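To start, the structure under review is shown below, and the notes come after it.
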4 protein chains.
Amino acid sequence: MTIAKFEDHCWKDIVTPEILQTYTPYHRETYIGQRPALLAIDLYNLVYEGGPKQPHELVKSHKSSCGIYAYNAIKPTQELFALARSLKIPIFYTTTETRKEVDPDTISATNRERIEVDDKAYRIREEFKPETGDIIIYKERASGFFGTPLVAHLTQRGIDSLIVCGETTSGCVRASSVDAYSLGYHVSIVEECVFDRSPLSHKVNLFDLHHKYSDVMTLEETKENLKRERPRREK
Amino acid sequence: MTIAKFEDHCWKDIVTPEILQTYTPYHRETYIGQRPALLAIDLYNLVYEGGPKQPHELVKSHKSSCGIYAYNAIKPTQELFALARSLKIPIFYTTTETRKEVDPDTISATNRERIEVDDKAYRIREEFKPETGDIIIYKERASGFFGTPLVAHLTQRGIDSLIVCGETTSGCVRASSVDAYSLGYHVSIVEECVFDRSPLSHKVNLFDLHHKYSDVMTLEETKENLKRERPRREK
Amino acid sequence: MTIAKFEDHCWKDIVTPEILQTYTPYHRETYIGQRPALLAIDLYNLVYEGGPKQPHELVKSHKSSCGIYAYNAIKPTQELFALARSLKIPIFYTTTETRKEVDPDTISATNRERIEVDDKAYRIREEFKPETGDIIIYKERASGFFGTPLVAHLTQRGIDSLIVCGETTSGCVRASSVDAYSLGYHVSIVEECVFDRSPLSHKVNLFDLHHKYSDVMTLEETKENLKRERPRREK
Amino acid sequence: MTIAKFEDHCWKDIVTPEILQTYTPYHRETYIGQRPALLAIDLYNLVYEGGPKQPHELVKSHKSSCGIYAYNAIKPTQELFALARSLKIPIFYTTTETRKEVDPDTISATNRERIEVDDKAYRIREEFKPETGDIIIYKERASGFFGTPLVAHLTQRGIDSLIVCGETTSGCVRASSVDAYSLGYHVSIVEECVFDRSPLSHKVNLFDLHHKYSDVMTLEETKENLKRERPRREK
């Protein structure tokens with residue numbers, strides 16, 4: 001893979017040539033692991049609230065919405081789910097723990113102001129609805145690994161790598177991907193299927209993740225890669 | 001604290017008014033915890049190699065150097081250390097594990113190309129030299145908490161918060177700060193005392209950290225805050 | 001504290017003088033930490049099923065019951081709860097996660113045969129009913145720390161130690177106490193308030209825990225200790 | 001596997017028929033996983049000090065020695081190592097961290113009285129000497145997983161199970177095995193290759209581990225099992 005190809009992603013309009021030069025020691029081939037799982041991060045109703053508008057237009061009434069960025073990711077994420085299901089890649093969802101007796105107001109994902117939400121707020125959006133055999137990880141922090149048994153599920157299924165989609169790029173996607181890397185998993189992130197409230201944070205976090213911890217791939221690359229090296233699922 | 005003051009940091013020349021509006025739900029008072037420790041991340045010789053030049057000018061010969069950004073942080077970091085020592089705030093350093101038999105080539109902090117280094121590369125730089133009673137945490141991943149007993153040290157000393165300095169903002173500083181937040185510590189980051197190879201990643205990561213996980217403070221604010229609320233050190 | 005007093009516990013009828021001699025390097029003063037929480041492990045209905053009989057008489061119909069040993073611990077545990085509530089010691093309960101979508105059949109506490117249970121099986125028994133402000137930790141493994149955010153709760157509340165009760169001594173009590181020790185908490189276990197299906201495993205696990213990881217105390221010692229050094233609860 | 005065979009281990013002279021009846025719901029087939037690693041726990045010089053005597057005879061001069069029990073395990077453990085090396089099963093050792101700057105006196109494996117030791121005390125004993133490619137995990141607590149990057153090594157090598165030997169059964173072997181189970185690894189423990197200072201704790205901990213968290217096997221069973229299902233080592 002050429003450096004030009006390695007860097008051919010959404011961040012190229014804001015990262016200077018000097019920075020790209022500084023990051024040449026991170027250049028390498030990207031790939032998807034042999035026995036991946038799909039990790040779908042926080043695709044719950046709350047982030048779609050208010051419709052496909054700019055987040056700053058929604059913030060007064062819908063503090064947690066990612067607006068237009070959430071909606072733009074729906075179609076590619078549906079394609080990614082269809083591909084994963086057709087290849088029998090195990091699917092793990094994360095969402096927010098809401099049971100009052102675990103005190104989710106004290107232990108929360110970020111410093112964002114707490115809001116009262118209804119029962120449906122943290123349910124997975126209809127387009128990505130969990131099916132029998134899928135697993136939902138309820139979490140209270142940004143990372144899908146912190147305070148959850150996710151690692152036990154992955155180990156018991158012989159999973160060696162993750163394909164990541166969901167939100168937000170600078171929040172739960174980044175925290176989960178860094179933890180996955182630390183734990184020894186190869187992480188691929190599908191560019192069109194992750195999103196954020198801030199386009200700047202989206203781009204820079206993908207840049208950071210791609211160089212340091214994971215392989216950012218376009219949906220097209222992901223498809224080609226998965227078709228080329230069909231993951232073995234003996235277990 | 002006004003929003004203007006809350007946002008008066010290095011990122012203000014690149015974050016748009018729309019993004020700032022989107023992030024208003026993160027606005028809050030910043031502070032330092034009651035029983036803090038200083039966490040000095042990866043202040044080892046390697047990141048100063050080649051002298052105070054731009055990182056892209058150094059990358060061929062010194063792949064890990066932060067160049068001018070590392071040097072700019074020396075004086076404020078010395079001030080921060082002096083303050084911490086005068087207040088008897090416990091000091092924890094992180095650095096990279098190098099013992100061959102633990103296989104540091106397989107388990108490394110990021111995807112950056114491995115390089116051969118000499119014995120001194122990962123020693124703490126002279127200006128910040130550990131003293132008796134300071135503790136060094138050897139780590140193999142980006143976060144000072146991953147694969148280390150750091151949390152046990154903090155718990156046994158009754159520490160409830162961290163003051164963070166070191167490098168890189170988008171690497172080990174971010175990973176350590178997010179983990180600290182997840183574990184329940186209040187995290188303050190001293191703006192002039194953290195640095196990165198990329199000024200863009202530096203600014204955006206500080207922006208992300210400040211809003212989501214920690215309180216970015218100038219050195220001046222840190223000093224005032226620490227003098228105002230002298231941490232209790234009964235234990 | 002004399003060695004005779006240090007060893008004056010339920011294990012003294014089965015531990016030989018030679019073993020006691022081998023364990024003299026573990027002799028020390030026992031105590032309760034300054035800012036403790038009560039950790040009530042798995043006091044759910046299922047372990048009381050079938051009434052106060054010997055576990056081997058119940059095993060066919062009630063595989064998870066601790067029978068008579070569970071019932072014997074009710075009264076002292078009520079006393080312990082009353083004391084904790086009167087001293088405003090925070091109370092954390094653990095119980096078993098049952099939501100089907102997290103796949104609790106795959107990830108379970110031990111290798112014990114899975115059984116179908118009704119909704120009330122994993123609810124806390126009436127005598128120890130959670131009150132407002134108490135926190136319930138849902139777990140899937142033996143340790144209350146594994147795959148849960150318990151450590152974040154403890155850190156955010158400035159808790160430095162645990163007082164442990166519940167079941168089983170050789171299962172979740174031991175796993176939780178060892179993890180607590182590793183994480184840096186001082187752990188006290190109230191002898192009359194922990195129980196097991198096997199009296200042999202109960203005694204030997206208390207012996208192991210007392211010497212290696214925690215301070216086993218009688219209820220009487222616990223009371224005296226807590227009255228003597230009333231924990232500070234400033235936070 | 002019959003229950004008689006399942007229970008045909010060192011604990012049968014102390015576990016009553018009533019307890020065995022209570023533990024029937026734990027009865028199952030035992031096995032070794034498909035891609036195991038050998039985890040050799042704390043086979044360092046210190047536990048052999050003073051020679052093959054009873055631990056209570058050694059305790060005054062050699063507080064950490066396991067005496068005769070350590071020596072009895074040498075030959076079977078050598079056989080186990082030879083088998084593992086012949087099958088190219090990866091070998092991980094644990095030993096105690098001794099670098100002063102990490103403060104090993106504050107963070108230690110158990111409450112046993114600290115002793116001054118020389119440089120060789122925590123080196124692996126000559127008979128089990130690490131070879132190139134073996135990995136040593138330096139730890140400060142009982143579990144080989146706590147505060148170490150062991151899980152990252154296992155994940156990156158696609159390891160799904162552990163074969164455990166070393167000491168002590170009631171200390172580091174138990175803590176490591178329980179953590180491994182929690183993390184999702186299948187754990188086998190080789191009966192003749194684990195040992196303890198107390199024969200009572202040895203037997204009861206093996207009983208607990210066998211029923212709840214792992215498969216205790218004789219060396220003979222281990223050999224047969226490994227020859228029958230040669231682990232795949234594609235990675």
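We name chains A, B, ... following the order of the structure tokens; residues begin at 1 in each chain, and ligands are numbered from 1 as shown.
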I need the strand (DSSP E) residues of chain D per DSSP on the backbone, written as a PyMOL selection string. chain D and resi 36-41+91-96+135-139+161-167+186-195+215-217
Surrounding residues of region 106-117 of chain B excluding itself and chain neighbours under 4 positions, 6 Å, only C-alpha atoms, as number ranges by chain: A: 25-26, 212-213; B: 140-142
Using only C-alpha atoms, find the residues of chain A whose closest atom to chain C is at most 10 Å away, then write them as a count of residues only. 32
Show which residues sit within 8 Å of region 171-179 of chain A, as a list in words. Count only C-alpha atoms, and ignore same-chain residues fewer than 5 positions away.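 Residues meeting the cut-off are Ile41, Asp42, Ala109, Ala142, Ser143, Gly144, Phe145, Val164, Cys165, Gly166, Val187, Val194, Asn205, Leu209, Tyr213 and Ser214 of chain A; Ala175, Val178 and Lys212 of chain B.
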Can you work out which one of B:Ile124, B:Val47, B:Cys10, B:Val59 has the shortest atom-to-atom distance to Ser201 (chain B), counting only C-alpha atoms?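 Result for the nearest residue to Ser201 (chain B): B:Cys10.
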Can you tell me, as a PyMOL selection string, what residues are no more than 10 Å from Thr77 (chain D) when counting only C-alpha atoms, ignoring any on the same chain fewer than 5 positions away? chain D and resi 40+43+72+82-83+127-128+165-166+190+192-194+219
Computed interatomic separation between CA of Lys5 (chain D) and CA of Arg197 (chain C) (Å):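 Calculated distance between CA of Lys5 (chain D) and CA of Arg197 (chain C) is 22.0 Å.
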Residues flagged alpha helix (DSSP H) by DSSP in region 1-209 of chain D, as a PyMOL selection string: chain D and resi 3-6+17-22+55-58+67-72+74-86+150-156+174-183+199-209
Output of the above residues as an mmCIF file, in the first residue's frame, restricted to C-alpha atoms:
data_model
loop_
_atom_site.group_PDB
_atom_site.id
_atom_site.type_symbol
_atom_site.label_atom_id
_atom_site.label_comp_id
_atom_site.auth_asym_id
_atom_site.auth_seq_id
_atom_site.Cartn_x
_atom_site.Cartn_y
_atom_site.Cartn_z
ATOM 1 C CA ILE D 3 -18.142 -38.854 38.609
ATOM 2 C CA ALA D 4 -15.704 -41.270 40.262
ATOM 3 C CA LYS D 5 -13.072 -40.388 37.671
ATOM 4 C CA PHE D 6 -13.958 -36.662 37.828
ATOM 5 C CA PRO D 17 -19.462 -37.848 50.628
ATOM 6 C CA GLU D 18 -22.004 -35.155 51.550
ATOM 7 C CA ILE D 19 -19.862 -32.433 50.011
ATOM 8 C CA LEU D 20 -19.262 -34.529 46.909
ATOM 9 C CA GLN D 21 -23.019 -34.919 46.583
ATOM 10 C CA THR D 22 -23.496 -31.164 46.920
ATOM 11 C CA PRO D 55 7.768 -25.977 55.241
ATOM 12 C CA HIS D 56 7.178 -25.561 58.991
ATOM 13 C CA GLU D 57 10.750 -26.728 59.604
ATOM 14 C CA LEU D 58 12.026 -24.094 57.188
ATOM 15 C CA GLY D 67 10.289 -27.121 50.785
ATOM 16 C CA ILE D 68 9.488 -30.743 50.057
ATOM 17 C CA TYR D 69 6.377 -29.852 48.073
ATOM 18 C CA ALA D 70 8.450 -27.733 45.691
ATOM 19 C CA TYR D 71 10.983 -30.524 45.235
ATOM 20 C CA ASN D 72 8.354 -33.192 44.671
ATOM 21 C CA ILE D 74 10.356 -30.772 39.941
ATOM 22 C CA LYS D 75 10.374 -34.008 37.968
ATOM 23 C CA PRO D 76 6.745 -33.912 36.754
ATOM 24 C CA THR D 77 7.145 -30.242 35.883
ATOM 25 C CA GLN D 78 10.245 -31.033 33.827
ATOM 26 C CA GLU D 79 8.194 -33.620 31.957
ATOM 27 C CA LEU D 80 5.445 -31.090 31.380
ATOM 28 C CA PHE D 81 7.936 -28.534 30.032
ATOM 29 C CA ALA D 82 9.496 -31.135 27.731
ATOM 30 C CA LEU D 83 6.075 -32.035 26.359
ATOM 31 C CA ALA D 84 5.120 -28.384 25.859
ATOM 32 C CA ARG D 85 8.401 -27.635 24.069
ATOM 33 C CA SER D 86 8.041 -30.698 21.839
ATOM 34 C CA LEU D 150 -0.467 -10.985 29.821
ATOM 35 C CA VAL D 151 -3.914 -10.828 28.224
ATOM 36 C CA ALA D 152 -2.530 -8.824 25.277
ATOM 37 C CA HIS D 153 0.116 -11.469 24.643
ATOM 38 C CA LEU D 154 -2.451 -14.262 24.701
ATOM 39 C CA THR D 155 -4.871 -12.441 22.407
ATOM 40 C CA GLN D 156 -2.186 -11.544 19.872
ATOM 41 C CA ARG D 174 -5.605 -19.888 42.201
ATOM 42 C CA ALA D 175 -5.695 -16.137 41.541
ATOM 43 C CA SER D 176 -4.308 -16.564 38.021
ATOM 44 C CA SER D 177 -6.663 -19.425 37.204
ATOM 45 C CA VAL D 178 -9.766 -17.579 38.407
ATOM 46 C CA ASP D 179 -8.785 -14.505 36.385
ATOM 47 C CA ALA D 180 -8.123 -16.645 33.314
ATOM 48 C CA TYR D 181 -11.586 -18.205 33.643
ATOM 49 C CA SER D 182 -13.182 -14.765 34.034
ATOM 50 C CA LEU D 183 -11.375 -13.536 30.925
ATOM 51 C CA PRO D 199 -1.226 -29.588 52.062
ATOM 52 C CA LEU D 200 -4.722 -28.709 53.298
ATOM 53 C CA SER D 201 -4.910 -25.493 51.285
ATOM 54 C CA HIS D 202 -3.398 -27.314 48.303
ATOM 55 C CA LYS D 203 -6.121 -29.959 48.276
ATOM 56 C CA VAL D 204 -9.078 -27.676 48.962
ATOM 57 C CA ASN D 205 -7.980 -25.076 46.430
ATOM 58 C CA LEU D 206 -7.588 -27.741 43.769
ATOM 59 C CA PHE D 207 -11.054 -29.023 44.713
ATOM 60 C CA ASP D 208 -12.508 -25.498 44.400
ATOM 61 C CA LEU D 209 -10.709 -24.770 41.143
#
